[in-house]
Amino acid sequence: MALSGKLIMYLDIKSRGDIFHEMFRHRLHDVPSISPDNLHGCEIDGQPGAVGSTVFFEYTRDGKKLTAKAMLEEVDEKNHKLVYNIIEGDLVEELYKSFKIIFHVESKGDGQLAIWTLEFEKMNTSMPYPTSFMDYMLNVTRDLDAHNTSQ
């Protein structure tokens, strides 16, 4: 059984890709007010949206209050792509040796497709795949899409 893995989720969104890109790059501090059941706090160290800046999150997943610290590693404006590397928190201290969150948007017919990719290395073969974290990202994305399309 492999210790390294990748999960990918595709989600149709009504919002434009640039809105999501802007939110996840420059306006993460707004997400807790838009998705309060999922994200409770967000503190940014460094220039928001700059490669190398870090973000500290307080969030709830599977009924548990958790934390994570992520570093923005890559920005691709053309493809509305962001890569965050989780450097602290339960994901990398209890479950995985490494954990990356990749977000980008692609066109799909007349709409847009939000694509989340989780790249991870499990600490051992008994560790679960991060499906509950992917479900968490699905819920946040749906909240943001509903917010963005209601404005």
# chains A, B, ... in the order shown; residues from 1 in each chain; ligands from 1
>>> residues_around(residues="segment 94-99 of chain A", least_positions_apart="6", cutoff="6 Å", atoms="only C-alpha atoms", output="list of chain:residue names")
A:Ile86, A:Glu119, A:Phe120, A:Glu121, A:Lys122, A:Met123
>>> select_by_dssp(residues="segment 26-109 of chain A", states="alpha helix (DSSP H)", output="count of residues only")
6
>>> closest_residue(among="A:Val75, A:Ile13, A:Ile34, A:Ala68", to="Ile87 of chain A", atoms="only C-alpha atoms")
A:Ala68
>>> closest_residue(among="A:Gly109, A:Gly41, A:Gly89, A:Gly63", to="Ser132 of chain A", atoms="only C-alpha atoms")
A:Gly63
>>> atom_distance(atom1="atom CA of Lys69 of chain A", atom2="atom CA of Thr54 of chain A")
6.7 Å
>>> atom_distance(atom1="atom CA of Ser35 of chain A", atom2="atom CA of His147 of chain A")
9.0 Å
>>> closest_residue(among="A:Ser107, A:Gln112, A:Met9, A:Lys64", to="Met137 of chain A", atoms="only C-alpha atoms")
A:Met9
>>> residues_around(residues="Gly111 of chain A", least_positions_apart="6", cutoff="12 Å", atoms="only C-alpha atoms", output="short mmCIF file (atom, residue, chain, number, x, y, z; two decimals) with all heavy atoms, in the first residue's frame")
data_model
loop_
_atom_site.label_atom_id
_atom_site.label_comp_id
_atom_site.auth_asym_id
_atom_site.auth_seq_id
_atom_site.Cartn_x
_atom_site.Cartn_y
_atom_site.Cartn_z
N LEU A 11 -15.74 20.43 -8.86
CA LEU A 11 -17.03 20.96 -8.42
C LEU A 11 -17.47 22.08 -9.35
O LEU A 11 -16.74 23.05 -9.55
CB LEU A 11 -16.90 21.50 -6.98
CG LEU A 11 -18.13 22.11 -6.35
CD1 LEU A 11 -19.22 21.05 -6.17
CD2 LEU A 11 -17.79 22.72 -5.01
N ASP A 12 -18.67 21.92 -9.93
CA ASP A 12 -19.23 22.99 -10.75
C ASP A 12 -19.53 24.18 -9.85
O ASP A 12 -20.12 24.02 -8.78
CB ASP A 12 -20.52 22.53 -11.43
CG ASP A 12 -20.28 21.52 -12.53
OD1 ASP A 12 -19.40 21.77 -13.37
OD2 ASP A 12 -20.98 20.49 -12.55
N ILE A 13 -19.11 25.36 -10.28
CA ILE A 13 -19.39 26.58 -9.53
C ILE A 13 -20.07 27.59 -10.46
O ILE A 13 -19.89 27.55 -11.67
CB ILE A 13 -18.12 27.20 -8.91
CG1 ILE A 13 -17.05 27.46 -9.97
CG2 ILE A 13 -17.60 26.32 -7.78
CD1 ILE A 13 -15.82 28.21 -9.46
N LYS A 14 -20.86 28.46 -9.85
CA LYS A 14 -21.54 29.51 -10.61
C LYS A 14 -20.70 30.78 -10.65
O LYS A 14 -20.84 31.59 -11.54
CB LYS A 14 -22.90 29.78 -9.99
CG LYS A 14 -23.84 28.59 -10.07
CD LYS A 14 -25.15 28.88 -9.38
CE LYS A 14 -26.03 27.65 -9.47
NZ LYS A 14 -26.55 27.25 -8.20
N SER A 15 -19.84 30.96 -9.65
CA SER A 15 -18.98 32.14 -9.58
C SER A 15 -17.87 32.05 -10.62
O SER A 15 -17.49 30.97 -11.05
CB SER A 15 -18.31 32.24 -8.20
OG SER A 15 -19.25 32.19 -7.17
N ARG A 16 -17.34 33.20 -10.97
CA ARG A 16 -16.20 33.23 -11.88
C ARG A 16 -14.94 32.76 -11.15
O ARG A 16 -14.78 32.98 -9.95
CB ARG A 16 -15.98 34.65 -12.41
CG ARG A 16 -17.10 35.15 -13.29
CD ARG A 16 -16.76 36.51 -13.93
NE ARG A 16 -15.81 37.31 -13.21
CZ ARG A 16 -16.14 38.36 -12.43
NH1 ARG A 16 -17.39 38.70 -12.28
NH2 ARG A 16 -15.19 39.06 -11.82
N GLY A 17 -14.04 32.14 -11.87
CA GLY A 17 -12.81 31.63 -11.28
C GLY A 17 -11.95 32.69 -10.64
O GLY A 17 -11.32 32.46 -9.61
N VAL A 105 -9.08 26.77 -11.13
CA VAL A 105 -10.37 26.84 -11.80
C VAL A 105 -10.16 26.64 -13.29
O VAL A 105 -9.21 27.17 -13.86
CB VAL A 105 -11.07 28.19 -11.53
CG1 VAL A 105 -12.38 28.29 -12.29
CG2 VAL A 105 -11.31 28.37 -10.04
#
>>> closest_residue(among="A:Cys42, A:Ile19, A:Leu3, A:Val55", to="Glu77 of chain A", atoms="only C-alpha atoms")
A:Ile19
>>> residues_around(residues="Asn79 of chain A", least_positions_apart="3", cutoff="12 Å", atoms="only C-alpha atoms", output="ChimeraX atom specification")
/A:17-18,20-21,74-76,82-83,102-107,112-115
>>> atom_distance(atom1="atom CA of Ile44 of chain A", atom2="atom CA of Asn148 of chain A")
22.2 Å
>>> closest_residue(among="A:Leu118, A:Leu66, A:Ala146, A:Leu72", to="Val51 of chain A", atoms="only C-alpha atoms")
A:Leu72
>>> residues_around(residues="Met134 of chain A", least_positions_apart="5", cutoff="10 Å", atoms="only C-alpha atoms", output="mmCIF file with C-alpha atoms, in the first residue's frame")
data_model
loop_
_atom_site.group_PDB
_atom_site.id
_atom_site.type_symbol
_atom_site.label_atom_id
_atom_site.label_comp_id
_atom_site.auth_asym_id
_atom_site.auth_seq_id
_atom_site.Cartn_x
_atom_site.Cartn_y
_atom_site.Cartn_z
ATOM 1 C CA LEU A 7 -7.143 13.120 -4.124
ATOM 2 C CA ILE A 8 -8.854 15.346 -6.679
ATOM 3 C CA MET A 9 -12.334 16.884 -6.476
ATOM 4 C CA ILE A 101 -3.628 21.859 -1.017
ATOM 5 C CA TRP A 116 -9.175 20.848 -5.403
ATOM 6 C CA THR A 117 -6.168 18.543 -5.288
ATOM 7 C CA LEU A 118 -4.754 17.176 -2.044
ATOM 8 C CA TYR A 129 -6.930 8.978 3.150
ATOM 9 C CA ASN A 139 -18.483 22.603 2.147
ATOM 10 C CA VAL A 140 -16.329 25.751 2.206
#
>>> closest_residue(among="A:Arg142, A:Gln151, A:Gly5, A:Met23", to="Lys81 of chain A", atoms="only C-alpha atoms")
A:Met23
>>> select_by_dssp(residues="segment 50-148 of chain A", states="strand (DSSP E)", output="ChimeraX atom specification")
/A:54-61,64-76,81-89,96-108,111-122
